[in-house]
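Listing of coords24.cif; format and content: mmCIF, C-alpha atoms and all ligand atoms.
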data_my_file
#
loop_
_atom_site.label_atom_id
_atom_site.label_comp_id
_atom_site.auth_asym_id
_atom_site.auth_seq_id
_atom_site.Cartn_x
_atom_site.Cartn_y
_atom_site.Cartn_z
CA MET A 1 -27.96 31.69 94.44
CA ALA A 2 -26.35 29.84 91.53
CA SER A 3 -27.03 31.36 88.13
CA GLU A 4 -28.77 29.32 85.43
CA SER A 5 -25.50 28.94 83.56
CA SER A 6 -23.61 27.45 86.50
CA SER A 7 -26.36 25.14 87.75
CA THR A 8 -27.38 23.45 84.51
CA PRO A 9 -25.12 21.00 82.72
CA PRO A 10 -23.51 22.32 79.53
CA LEU A 11 -24.96 21.45 76.15
CA ASN A 12 -22.63 19.03 74.41
CA ILE A 13 -22.22 19.82 70.74
CA LYS A 14 -20.14 17.85 68.27
CA LEU A 15 -18.75 19.73 65.27
CA LEU A 16 -16.75 18.32 62.37
CA LEU A 17 -14.33 19.98 60.00
CA ILE A 18 -14.27 18.69 56.44
CA GLY A 19 -12.87 19.82 53.10
CA ASN A 20 -9.90 19.14 50.86
CA SER A 21 -6.45 18.63 52.25
CA SER A 22 -4.46 21.82 53.05
CA VAL A 23 -7.42 24.22 53.02
CA GLY A 24 -6.68 25.06 56.66
CA LYS A 25 -8.99 22.85 58.72
CA SER A 26 -6.43 22.14 61.45
CA SER A 27 -5.38 25.78 61.41
CA LEU A 28 -8.96 26.97 61.94
CA LEU A 29 -9.35 24.53 64.82
CA LEU A 30 -6.09 25.62 66.44
CA ARG A 31 -6.95 29.28 65.96
CA PHE A 32 -10.38 28.85 67.52
CA ALA A 33 -9.54 26.46 70.35
CA ASP A 34 -5.94 27.31 71.20
CA GLU A 35 -5.65 30.85 69.80
CA THR A 36 -2.55 29.83 67.88
CA PHE A 37 -1.46 29.56 64.27
CA LEU A 38 1.31 27.25 63.08
CA THR A 39 3.55 28.43 60.25
CA GLU A 40 4.00 26.25 57.18
CA ASP A 41 7.12 24.60 58.64
CA GLU A 42 5.52 24.00 62.00
CA SER A 43 2.30 22.61 60.56
CA SER A 44 4.11 20.22 58.21
CA ALA A 45 5.86 18.82 61.26
CA THR A 46 2.51 18.20 62.96
CA ILE A 47 0.95 14.82 62.35
CA GLY A 48 -2.56 16.28 62.50
CA VAL A 49 -4.91 17.64 65.06
CA ASP A 50 -7.61 15.19 66.04
CA PHE A 51 -9.93 16.88 68.41
CA ARG A 52 -10.33 19.84 70.71
CA VAL A 53 -12.81 20.66 73.44
CA SER A 54 -13.81 24.28 73.74
CA LYS A 55 -16.27 25.93 76.05
CA MET A 56 -18.42 28.93 75.32
CA GLU A 57 -21.56 30.62 76.58
CA VAL A 58 -24.48 31.36 74.30
CA GLY A 59 -27.46 33.31 75.64
CA GLY A 60 -26.53 32.43 79.23
CA ARG A 61 -26.27 28.72 78.41
CA ARG A 62 -22.95 26.92 78.75
CA VAL A 63 -21.93 25.01 75.67
CA LYS A 64 -19.19 22.42 75.42
CA LEU A 65 -17.95 21.96 71.88
CA SER A 66 -16.10 18.84 70.77
CA ILE A 67 -14.55 19.80 67.47
CA TRP A 68 -13.14 17.06 65.28
CA ASP A 69 -10.61 17.39 62.53
CA THR A 70 -10.10 14.78 59.81
CA ALA A 71 -6.40 14.63 60.75
CA GLY A 72 -5.50 14.00 57.11
CA GLN A 73 -7.94 11.14 56.43
CA GLU A 74 -9.21 13.04 53.35
CA ARG A 75 -5.81 12.64 51.67
CA PHE A 76 -6.60 8.98 51.24
CA ARG A 77 -10.23 9.69 50.24
CA THR A 78 -11.39 7.51 53.08
CA ILE A 79 -13.21 9.50 55.69
CA THR A 80 -14.97 6.81 57.63
CA SER A 81 -18.71 6.99 58.10
CA SER A 82 -18.16 6.79 61.86
CA TYR A 83 -16.43 10.18 61.72
CA TYR A 84 -19.77 11.75 60.85
CA ARG A 85 -21.90 9.98 63.43
CA GLY A 86 -23.45 12.11 66.15
CA ALA A 87 -22.39 15.45 64.63
CA GLN A 88 -24.77 18.36 64.98
CA GLY A 89 -22.68 20.79 62.94
CA ILE A 90 -20.31 20.64 59.98
CA ILE A 91 -17.69 23.22 59.10
CA LEU A 92 -17.00 22.76 55.40
CA VAL A 93 -13.78 24.51 54.42
CA TYR A 94 -12.27 25.57 51.10
CA ASP A 95 -9.30 27.80 50.34
CA VAL A 96 -10.20 31.04 48.52
CA SER A 97 -6.81 30.94 46.78
CA ASN A 98 -7.33 27.38 45.53
CA ARG A 99 -10.07 26.94 42.94
CA GLU A 100 -9.84 23.16 43.06
CA SER A 101 -10.78 23.13 46.74
CA PHE A 102 -13.92 25.15 45.87
CA GLU A 103 -14.81 22.91 42.95
CA ALA A 104 -14.53 19.88 45.22
CA LEU A 105 -17.38 21.17 47.40
CA PRO A 106 -20.21 19.33 45.56
CA LYS A 107 -18.37 16.09 46.29
CA TRP A 108 -18.30 16.99 49.99
CA PHE A 109 -22.01 17.82 49.94
CA THR A 110 -22.76 14.45 48.35
CA GLU A 111 -20.79 12.82 51.13
CA LEU A 112 -22.81 14.76 53.71
CA GLU A 113 -26.09 13.69 52.10
CA THR A 114 -24.97 10.11 52.56
CA TYR A 115 -23.73 10.33 56.12
CA VAL A 116 -25.54 13.06 58.05
CA SER A 117 -29.16 13.98 58.66
CA PRO A 118 -30.55 16.96 56.72
CA ASN A 119 -31.06 18.78 60.03
CA VAL A 120 -27.34 19.00 60.70
CA VAL A 121 -26.20 22.62 60.55
CA LYS A 122 -23.55 23.47 57.96
CA VAL A 123 -21.32 26.47 57.56
CA LEU A 124 -19.22 27.00 54.46
CA VAL A 125 -15.92 28.68 55.30
CA GLY A 126 -13.76 30.31 52.61
CA ASN A 127 -10.40 30.30 54.39
CA LYS A 128 -7.10 32.16 53.68
CA VAL A 129 -8.65 35.55 52.82
CA ASP A 130 -5.31 37.07 53.83
CA LYS A 131 -4.06 35.80 50.45
CA GLU A 132 -6.11 38.42 48.62
CA PHE A 133 -3.36 38.77 45.99
CA SER A 134 -3.86 35.17 44.86
CA ARG A 135 -7.61 34.87 45.35
CA ALA A 136 -9.22 32.38 42.95
CA VAL A 137 -12.79 32.38 44.31
CA SER A 138 -14.66 35.65 44.87
CA GLU A 139 -16.65 36.25 48.03
CA ASP A 140 -19.76 36.64 45.90
CA GLU A 141 -19.26 33.26 44.27
CA GLY A 142 -18.75 31.60 47.66
CA ARG A 143 -21.82 33.25 49.12
CA LYS A 144 -24.03 32.32 46.17
CA PHE A 145 -22.93 28.71 46.34
CA ALA A 146 -23.65 28.66 50.09
CA GLU A 147 -27.13 30.09 49.46
CA ARG A 148 -27.79 27.44 46.84
CA MET A 149 -26.73 24.72 49.26
CA ASP A 150 -28.70 26.34 52.10
CA THR A 151 -25.70 26.75 54.41
CA LEU A 152 -24.28 29.58 56.44
CA PHE A 153 -21.28 31.33 54.88
CA VAL A 154 -18.21 33.00 56.37
CA GLU A 155 -14.94 34.10 54.82
CA ALA A 156 -12.03 33.65 57.21
CA SER A 157 -8.32 33.59 57.77
CA ALA A 158 -6.88 31.30 60.39
CA LYS A 159 -3.58 33.09 59.87
CA SER A 160 -4.84 36.65 60.40
CA ASN A 161 -7.61 35.63 62.79
CA ILE A 162 -10.43 36.95 60.63
CA GLY A 163 -13.91 35.43 60.78
CA VAL A 164 -12.86 32.35 62.75
CA GLN A 165 -14.89 33.06 65.88
CA ASP A 166 -17.84 34.07 63.67
CA ALA A 167 -17.81 30.77 61.80
CA PHE A 168 -17.94 28.71 65.00
CA LYS A 169 -20.43 30.98 66.74
CA GLU A 170 -22.82 31.05 63.80
CA VAL A 171 -22.93 27.30 63.56
CA VAL A 172 -23.41 26.89 67.33
CA ASN A 173 -26.21 29.49 67.43
CA LYS A 174 -28.04 27.74 64.63
CA ILE A 175 -27.61 24.33 66.26
CA ILE A 176 -29.12 25.67 69.47
CA ASP A 177 -32.02 27.05 67.44
CA THR A 178 -32.67 23.71 65.70
CA PRO A 179 -34.84 21.66 68.09
CA ALA A 180 -34.84 18.62 65.78
CA LEU A 181 -31.17 18.13 66.57
CA TRP A 182 -31.82 18.02 70.29
CA GLN A 183 -34.67 15.55 70.13
CA THR A 184 -32.27 12.90 68.88
CA THR A 185 -29.24 13.80 70.98
CA THR A 186 -30.49 14.90 74.37
CA ALA A 187 -33.41 12.47 74.65
CA GLN A 188 -30.97 9.62 75.29
CA PRO A 189 -29.79 8.80 78.80
CA ARG A 190 -26.44 10.52 79.32
CA GLN A 191 -24.59 7.25 79.95
CA ASN A 192 -25.75 5.86 76.62
CA SER A 193 -25.01 8.95 74.61
CA ALA A 194 -21.48 9.20 76.04
CA ALA A 195 -20.92 5.56 75.19
CA ALA A 196 -22.29 6.14 71.71
CA VAL A 197 -19.99 9.10 71.19
CA ASN A 198 -17.00 7.09 72.38
CA ARG A 199 -17.76 4.29 69.97
CA THR A 200 -17.86 6.71 67.04
CA MET A 201 -14.74 8.69 67.74
CA PRO A 202 -11.77 8.02 65.52
CA GLY A 203 -9.29 6.01 67.51
CA GLY A 204 -11.92 5.57 70.22
CA ALA A 205 -9.46 6.83 72.81
CA VAL A 206 -11.36 9.77 74.20
CA ASN A 207 -13.86 9.28 76.94
CA LEU A 208 -16.24 12.20 77.02
CA ALA A 209 -17.86 10.95 80.20
CA GLU A 210 -14.49 11.36 81.95
CA ASP A 211 -13.99 14.61 80.18
CA GLN A 212 -17.35 15.82 81.44
CA GLN A 213 -16.31 14.91 84.99
CA ALA A 214 -12.98 16.68 84.51
CA ALA A 215 -14.81 19.74 83.25
CA GLN A 216 -17.07 19.69 86.29
CA ASP A 217 -14.02 19.37 88.50
CA GLY A 218 -12.61 22.45 86.84
CA GLY A 219 -10.07 20.64 84.66
CA CYS A 220 -10.07 19.38 81.11
CA SER A 221 -8.87 16.03 79.88
CA CYS A 222 -8.17 17.40 76.39
P1 LIG A 301 -5.68 21.04 56.55
O1 LIG A 301 -4.95 19.97 55.78
O2 LIG A 301 -6.95 21.40 55.85
O3 LIG A 301 -5.87 20.72 58.00
O4 LIG A 301 -4.77 22.36 56.45
P2 LIG A 301 -3.71 22.94 57.49
O5 LIG A 301 -4.39 23.60 58.64
O6 LIG A 301 -2.70 21.90 57.80
O7 LIG A 301 -3.06 24.11 56.61
C1 LIG A 301 -2.42 23.84 55.39
C2 LIG A 301 -1.42 24.96 55.11
O8 LIG A 301 -2.12 26.19 54.91
C3 LIG A 301 -0.43 25.21 56.26
O9 LIG A 301 0.82 25.50 55.70
C4 LIG A 301 -1.01 26.40 56.98
O10 LIG A 301 0.01 27.17 57.61
C5 LIG A 301 -1.65 27.18 55.82
N1 LIG A 301 -2.80 27.98 56.24
C6 LIG A 301 -3.85 27.56 56.98
N2 LIG A 301 -4.73 28.57 57.17
C7 LIG A 301 -4.22 29.64 56.52
C8 LIG A 301 -4.66 31.01 56.35
O11 LIG A 301 -5.72 31.45 56.84
N3 LIG A 301 -3.86 31.81 55.58
C9 LIG A 301 -2.70 31.38 55.01
N4 LIG A 301 -2.00 32.25 54.28
N5 LIG A 301 -2.25 30.12 55.18
C10 LIG A 301 -3.00 29.26 55.93
#
Hey, can you dump this file as structure tokens for me?
Amino acid sequence: MASESSSTPPLNIKLLLIGNSSVGKSSLLLRFADETFLTEDESSATIGVDFRVSKMEVGGRRVKLSIWDTAGQERFRTITSSYYRGAQGIILVYDVSNRESFEALPKWFTELETYVSPNVVKVLVGNKVDKEFSRAVSEDEGRKFAERMDTLFVEASAKSNIGVQDAFKEVVNKIIDTPALWQTTTAQPRQNSAAAVNRTMPGGAVNLAEDQQAAQDGGCSC
């Protein structure tokens, strides 16, 4: 007999990474999805990571995460509103060794107030904790700010692989426990929601409906 996890379709969850340039958004994504870390030279040669699909199981339920990176849009201060559409979770990143990236957080929260529903789950990630010697934001300060903004909080290092899994898992667990998010996303016919997702994706080149089929066939179009 097929188990519940293999017979039911996976939950599709869209997560976004935001935060100042160079805080480590792409690195967190690569660490989580590909289990890799690019050195400074390697990452400067990379144009930017757009998107990764990652699968996980939470409480016996299969979850398919589409995780989007800004791919450098923030450098030009023009993250398009379509980037935010359809997201259930936001991973808001700053660099613990860069005070400016922490002080920019209110600006990012203002942007979120404009573009995403209040139900969307947020996790604040203080990245680069391996740079303890040049820390400019204490863990306590990060945590207190997260409490004030009513978000989850994790300190992490994409480089040393600290806290990365926790950050993603915490946000996914909370999304699953937030029914209001599912009323708007899963109530739509699948065809329509896939089409809606495709319309909103930067570049519009990824077809999640095909990806879903590939996943069911045992492959991945990512
Ligand atoms: P993004 O612009 O926010 O996507 O940042 P990147 O992922 O491109 O990272 C910017 C730079 O920070 C790169 O040189 C990375 O190698 C470096 N970096 C990213 N994460 C970490 C980390 O956890 N620790 C350290 N020491 N460096 C990191």
Response to the item:
The distance between atom O5 of ligand LIG 301 (chain A) and atom CA of A:Ser54 is 17.8 Å
Padded axis-aligned box of ligand LIG 301 (chain A) (4 Å per side), centre and edge lengths, Å, one decimal, as AutoDock Vina command-line options:
--center_x -3.1 --center_y 26.1 --center_z 56.5 --size_x 15.8 --size_y 20.3 --size_z 12.4
Test item: residues at most 12 Å from A:Glu57, all atoms listed in the file, excluding those fewer than 3 positions along its chain, as a short mmCIF file (atom, residue, chain, number, x, y, z; two decimals) with C-alpha atoms, in the frame of the given file:
data_model
loop_
_atom_site.label_atom_id
_atom_site.label_comp_id
_atom_site.auth_asym_id
_atom_site.auth_seq_id
_atom_site.Cartn_x
_atom_site.Cartn_y
_atom_site.Cartn_z
CA GLU A 4 -28.77 29.32 85.43
CA SER A 5 -25.50 28.94 83.56
CA SER A 6 -23.61 27.45 86.50
CA PRO A 9 -25.12 21.00 82.72
CA PRO A 10 -23.51 22.32 79.53
CA LEU A 11 -24.96 21.45 76.15
CA ASN A 12 -22.63 19.03 74.41
CA SER A 54 -13.81 24.28 73.74
CA GLY A 60 -26.53 32.43 79.23
CA ARG A 61 -26.27 28.72 78.41
CA ARG A 62 -22.95 26.92 78.75
CA VAL A 63 -21.93 25.01 75.67
CA LYS A 64 -19.19 22.42 75.42
CA LEU A 65 -17.95 21.96 71.88
CA LYS A 169 -20.43 30.98 66.74
CA VAL A 172 -23.41 26.89 67.33
CA ASN A 173 -26.21 29.49 67.43
CA ILE A 176 -29.12 25.67 69.47
#
Discussion item. For a quick check of understanding, using all atoms listed in the file, which of A:Thr114, A:Asn119, A:Ser157, A:Ser81 has the smallest distance to ligand LIG 301 (chain A)?
Written reply: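 Under the stated criterion, the closest residue is A:Ser157.
Separating atom CA of A:Val171 from atom CA of A:Val93 is a distance of 13.2 Å.
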Item to complete: Report as a ChimeraX atom specification which protein, DNA and RNA residues come within 6 Å of ligand LIG 301 (chain A), using all atoms listed in the file.
Response: /A:21-27,38-40,43,127-128,130-131,157-159
Worksheet entry | Atomic distance atom CA of A:Arg52 - atom CA of A:Ala33, expressed in Å with one decimal |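 Between atom CA of A:Arg52 and atom CA of A:Ala33 the gap is 6.7 Å.
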Fill in: Among listed residues A:Val137, A:Arg143, A:Val96, A:Asp177, nearest A:Gly59 (using all atoms listed in the file)
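Smallest distance to A:Gly59 is found for A:Asp177.
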Worksheet item: Near A:Glu141, within 10 Å and counting all atoms listed in the file, which residues show up once chain neighbours fewer than 5 positions away are dropped, as JSON, numbers by chain?
Response: {"A": [102, 146, 147]}
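The point (-18.3, 20.8, 63.9) has these residues within 10 Å of it, counting only C-alpha atoms: Ile13, Lys14, Leu15, Leu16, Leu17, Ile18, Leu29, Leu65, Ser66, Ile67, Trp68, Asp69, Tyr84, Ala87, Gln88, Gly89, Ile90, Ile91, Leu92, Val120, Val121, Lys122, Val123, Phe168, Val171 and Val172 of chain A.
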Discussion item. List the spatial neighbours of A:Ala104 as number ranges by chain - criterion: any atom at most 12 Å away, all atoms listed in the file, same-chain residues fewer than 3 positions off excluded.
Written reply: A: 18-21, 23, 74, 92-95, 98-101, 107-111
Discussion item. Taking all atoms listed in the file into account, name the residue in A:Val129, A:Met149, A:Ala167, A:Ile162 that is nearest to A:Leu112.
Written reply: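 Between A:Val129, A:Met149, A:Ala167, A:Ile162, the residue approaching A:Leu112 most closely is A:Met149.
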